[in-house]
Structures are given as structure tokens and as C-alpha cells.
Amino acid sequence: MSAPVFSNHGCRLNAYETKAMEELAAQAGVENAVVVNTCAVTAEAVRKARQDIRKLRRTHPDAKLIVTGCAAQTEPDTFASMDEVDAVIGNTEKMQASTWAGLAGDFGTEPVQVDDIMSVTETAGHLIDGFGTRSRAYVQVQNGCDHRCTFCIIPYGRGNSRSVPAGVVVDQIKRLADRGFNEVVLTGVDLTSWGADLPGEPQLGDLVMRILKLVPDLPRLRISSIDSIEVDEALMQAIATEPRLMPHLHLSLQHGDDLILKRMKRRHLRDDAIRFAQEARKLRPDMTFGADIIAGFPTETEAMFENSLKLVEDCDLTWLHVFPYSPRPGTPAARMPQVNGKAIKDRAARLRAAGEAQVSKHLTAQQRRTHHILMENPHMGRTEQFTEVHFDIPQAEGQIVAATITGHDGKALTVSSD
């Protein structure tokens, strides 16, 4: 018998949970199984999951095939009806040891185990060792989302927002620091909503400041995607005063036109995004930004799209995640007037080109600067701004190395001994 094969789709949180499932499955003794952790963010994501399931069935004809994740949660019948699938488990069930115990041996009796995600009120804090490296660990501090953006199905896959208590988070990070991890990344579905469901309603900035105070041996703390309109004063203070908080923020912006933002039911306007970027960079001049931007949202005109294109420069964004809009059944946006597919593809390409130009500008600006680089493997590490750096001479994996940038190859920085 063989160890389970895991296939992950979608976001960083899904990758985190896939790693946690690997550990749960190993502890339960699950063997000869294939597990597909799906994403539901777009209809295309669901299509790719189905394609992957068929491919994995062909390559593992005798294995039990389990489907989980957001798409399994939002449309379990879709996957249960596939001949290739033996079991479908929900987003809550996939993180429970009892589920994996049931999937071991006779593989349980219920082929579909998907409960009402909206009834879940707690999020377990799962401690994992990171992804294939001893350098960086990820800690889930929040799950779910209380907002209802018109393009998004994720709240129905993840449930309402719920937070891991600060004490639990701090204890996990202390253990990770004691084990030699030099960087911890806080992850969640809607990270800036952390704390709203906890006693006293603390905010993300309070958690960040508490971690940095109570875990003095942790060299680097990083936060993943945030909603800039929800950033609190304590987080701004941390940006300004805490060098151990890394100067890299990924912003959930989605668009640069006010009318489209309103139709998306976002909570910010264009000027809010620009103001936040300017304020954060004023507090921390070395700050870099990534951002999610959707191209071709329903009713988007060329002029509206140009506002998104201009936002890249107005906020001085560096790392773009560009999403060509595709209608997601069950969302209000799917019922709005759609943009021509060719126009969507063209606009997404123009956004990506703008992003590539920003990356090139960023890489060029780093030359001859000294960075403290966390090594992910002997020849590759990342700067404080999460910029990839390649070394020609091997370095100690997991360590933070001070090095002067000597060049770049258009995609990553380089450090050469020549």
C-alpha cells in the first residue's frame, strides 16, 4: 500500500490546509488514496478541478479518490456524481481527525460528508511545518468571510468569519520560533476581519503587536492578503515601528473604478486604495504591494478598465494577481450584463503587461542594495519584500543571509560572486 497523493488547487490557505490534511491522513493511517483539494473562486477553477480528478483517476486507477475544498463544499453533488470519485468531504470535515479515521480502513460509510458551513462557529488552529522548507511556516488565524462581494462564492465554501484566539496563535508561533523557523506568515480568508467574533473585538493590528512583543525570538513576521479599508491603527503603527514585520502587503483591491467597485459590493473606493498605499509607504518607504485585480467584470467599459490600469501606477503596485472575470453560478455578478470574452482576455493581458513592467522597475531599483534574504533552498531565497533572489554560491537553507544584489534576470534578483 502507498501513502496518499494530494493535489492542491487555489489559494495559500488551501495549500496550508492540504499540508495539514497530509498530516491528519498519515496519523489516521489512510493509504492508497488520492485527495483533491478544490478551489471554487471561478467557474474555471471548478472545471480545472474536474479535469484534474479525471487525470488522477487514470494515473491511479486502484486508489480511493477523495474530493474536498471549496468547490466540494459549494457543489458536492457535482463531484459525487463523477464516476471517478469515491468520497466528497466538506471544508469543516477535512480538518477533523475523526474524518480521516473514518476514511482509513473500510473508508467509512458516507460517500458525501458535507455539513452546513454557515453553522460553524469555530476555527481550529492547525500547526504545520511550512511547505517543503524549514525556513517559513504558516499559521492560520482566521477562516470564512462575512462580506458578500457580488462576484464571490467563497463565503458559501468557507462560512462566516471566525477567528483563532490570540493566545492560541501566540503559543503556536512560540513553538515554531523555538524549532528554528525564522519567518511566520499569518493566513486567513479575510485576514483583516480577525478578532471581530472574539471577546473585546480585538483587531489584526492588536494580534500583530502581541505576537511581536511576546515572541521576541521570531526574526520575521509576514501577513498575507488584506483588505486595506479594514486596516486598523495598531497595524499601521506596526508598519511604522516594527522592523520584524515584513514590508510586503498583498491588497485585495479587485478594481480601480468606483462604479465597478460599488457593483462588486466592495467596501472601498479608488481614492481609499491610493490613500492607503501612500500612507503605508510614507510610514515604511521600503514597502511593496501586491494586489488582486479582476479584468472584465460585468458592465466594465474601456474607460472603467483604464482606471484599473492606472491604479497599478497610482498605488505603485509590484506583484499583480490578474483574474480574467468568468461568471460564477450562484453569484449576483453572473446575472449582470457580461463583457465580451475577447475584450476580457485582452484587458487581462494588458494588466499583466503593466505588472511585468512594475516588476522590472522594482528589480532594477534593488541592484547594489543590501537585503536580508531568507533562504528557501541553497540557491534561492526571498528578501523582506518577498522578492525572489538567486545565488550562484550555495547558502544555508532556512537562514537569513545579508547580501548585496548584483543584478536581475527580469524575474528575480541575483547575487553573484563574480
# chains A, B, ... in the order shown; residues from 1 in each chain; ligands from 1
$ residues_around --residues "Ser225 (chain A)" --least-positions-apart "3" --cutoff "10 Å" --atoms "only C-alpha atoms" --output "list in words"
Arg12, Leu186, Thr187, Gly188, Val189, Asp190, Leu191, Thr192, Ser228, His248, Leu249, His250, Leu251, Ser252, Gly290, Ala291 and Asp292 of chain A
$ write_last_selection --atoms "C-alpha atoms" --output "short mmCIF file (atom, residue, chain, number, x, y, z; two decimals), in the first residue's frame"
data_model
loop_
_atom_site.label_atom_id
_atom_site.label_comp_id
_atom_site.auth_asym_id
_atom_site.auth_seq_id
_atom_site.Cartn_x
_atom_site.Cartn_y
_atom_site.Cartn_z
CA ARG A 12 -2.41 29.90 0.05
CA LEU A 186 -0.36 34.73 9.12
CA THR A 187 -3.03 33.36 6.80
CA GLY A 188 -6.81 33.57 6.52
CA VAL A 189 -9.68 34.09 4.07
CA ASP A 190 -10.41 37.66 5.22
CA LEU A 191 -7.45 38.40 7.48
CA THR A 192 -8.40 41.96 8.43
CA SER A 228 -6.87 47.78 3.02
CA HIS A 248 5.18 43.49 1.85
CA LEU A 249 1.38 43.64 1.75
CA HIS A 250 -0.92 41.93 -0.71
CA LEU A 251 -4.04 44.04 -1.17
CA SER A 252 -7.49 42.83 -2.14
CA GLY A 290 0.86 43.01 -4.41
CA ALA A 291 -2.78 43.15 -5.46
CA ASP A 292 -5.68 41.12 -6.84
#
$ residues_around --residues "Gly200 (chain A)" --least-positions-apart "5" --cutoff "12 Å" --atoms "only C-alpha atoms" --output "PyMOL selection string"
chain A and resi 165-166+194-195+206
$ write_last_selection --atoms "N, CA and C atoms" --output "mmCIF file, in the first residue's frame"
data_model
loop_
_atom_site.group_PDB
_atom_site.id
_atom_site.type_symbol
_atom_site.label_atom_id
_atom_site.label_comp_id
_atom_site.auth_asym_id
_atom_site.auth_seq_id
_atom_site.Cartn_x
_atom_site.Cartn_y
_atom_site.Cartn_z
ATOM 1 N N PRO A 165 -8.248 32.361 18.603
ATOM 2 C CA PRO A 165 -7.884 33.274 19.707
ATOM 3 C C PRO A 165 -6.400 33.615 19.711
ATOM 4 N N ALA A 166 -6.089 34.840 20.129
ATOM 5 C CA ALA A 166 -4.719 35.332 20.094
ATOM 6 C C ALA A 166 -3.769 34.454 20.888
ATOM 7 N N TRP A 194 -10.082 39.506 11.347
ATOM 8 C CA TRP A 194 -9.703 38.752 12.546
ATOM 9 C C TRP A 194 -10.113 39.527 13.811
ATOM 10 N N GLY A 195 -10.668 38.793 14.761
ATOM 11 C CA GLY A 195 -10.973 39.355 16.065
ATOM 12 C C GLY A 195 -12.386 39.842 16.262
ATOM 13 N N ASP A 206 -3.726 44.467 16.656
ATOM 14 C CA ASP A 206 -3.509 44.050 18.044
ATOM 15 C C ASP A 206 -2.813 42.690 18.082
#
$ select_by_dssp --residues "region 183-245 of chain A" --states "alpha helix (DSSP H)" --output "ChimeraX atom specification"
/A:204-214,233-241
$ write_last_selection --atoms "C-alpha atoms" --output "compact mmCIF listing (two decimals), in the first residue's frame"
# COMPACT_ATOMS: atom_id res chain seq x y z
CA LEU A 204 -5.47 42.35 13.35
CA GLY A 205 -3.01 45.05 14.40
CA ASP A 206 -3.51 44.05 18.04
CA LEU A 207 -2.64 40.45 17.15
CA VAL A 208 0.46 41.50 15.20
CA MET A 209 1.74 43.71 18.02
CA ARG A 210 1.06 40.97 20.56
CA ILE A 211 2.99 38.38 18.53
CA LEU A 212 5.97 40.68 18.10
CA LYS A 213 6.00 41.52 21.81
CA LEU A 214 5.51 38.01 23.16
CA GLU A 233 -4.46 51.92 13.69
CA ALA A 234 -2.43 49.29 15.53
CA LEU A 235 -1.47 47.64 12.25
CA MET A 236 -0.42 50.99 10.82
CA GLN A 237 1.67 51.51 13.97
CA ALA A 238 3.28 48.11 13.46
CA ILE A 239 4.09 49.02 9.85
CA ALA A 240 5.74 52.22 11.05
CA THR A 241 7.65 50.92 14.07
$ select_by_dssp --residues "region 128-342 of chain A" --states "strand (DSSP E)" --output "VMD selection string"
chain A and resid 136 to 140 142 to 143 162 to 163 183 to 187 220 to 223 248 to 254 288 to 295 319 to 324
$ residues_around --residues "Arg266 (chain A)" --least-positions-apart "3" --cutoff "9 Å" --atoms "only C-alpha atoms" --output "CSV table (one decimal) with N, CA and C atoms, in the first residue's frame"
chain,number,residue,atom,x,y,z
A,147,HIS,N,-18.5,39.2,4.4
A,147,HIS,CA,-18.8,40.1,3.3
A,147,HIS,C,-19.4,39.3,2.1
A,148,ARG,N,-20.2,40.0,1.3
A,148,ARG,CA,-20.8,39.3,0.2
A,148,ARG,C,-20.6,40.0,-1.1
A,149,CYS,N,-19.3,40.0,-1.6
A,149,CYS,CA,-19.0,40.6,-2.9
A,149,CYS,C,-19.8,39.9,-4.0
A,150,THR,N,-20.2,40.6,-5.0
A,150,THR,CA,-21.2,40.1,-5.9
A,150,THR,C,-20.5,39.0,-6.8
A,253,LEU,N,-7.7,44.5,-3.9
A,253,LEU,CA,-8.3,45.8,-4.5
A,253,LEU,C,-9.4,45.5,-5.5
A,254,GLN,N,-9.2,44.5,-6.4
A,254,GLN,CA,-10.1,44.0,-7.3
A,254,GLN,C,-10.4,44.9,-8.5
A,260,ILE,N,-17.6,50.3,-10.7
A,260,ILE,CA,-17.4,48.8,-10.7
A,260,ILE,C,-17.3,48.3,-9.2
A,261,LEU,N,-16.5,49.1,-8.5
A,261,LEU,CA,-16.3,48.7,-7.1
A,261,LEU,C,-17.6,48.6,-6.3
A,262,LYS,N,-18.5,49.6,-6.6
A,262,LYS,CA,-19.9,49.6,-6.0
A,262,LYS,C,-20.7,48.4,-6.5
A,263,ARG,N,-20.6,48.1,-7.8
A,263,ARG,CA,-21.3,46.9,-8.3
A,263,ARG,C,-20.7,45.6,-7.8
A,269,LEU,N,-13.3,52.7,-2.2
A,269,LEU,CA,-13.3,53.3,-3.5
A,269,LEU,C,-11.9,53.5,-3.9
$ closest_residue --among "A:Gln358, A:Asn182, A:Gln278, A:Gln142" --to "Ser224 (chain A)" --atoms "only C-alpha atoms"
A:Gln142
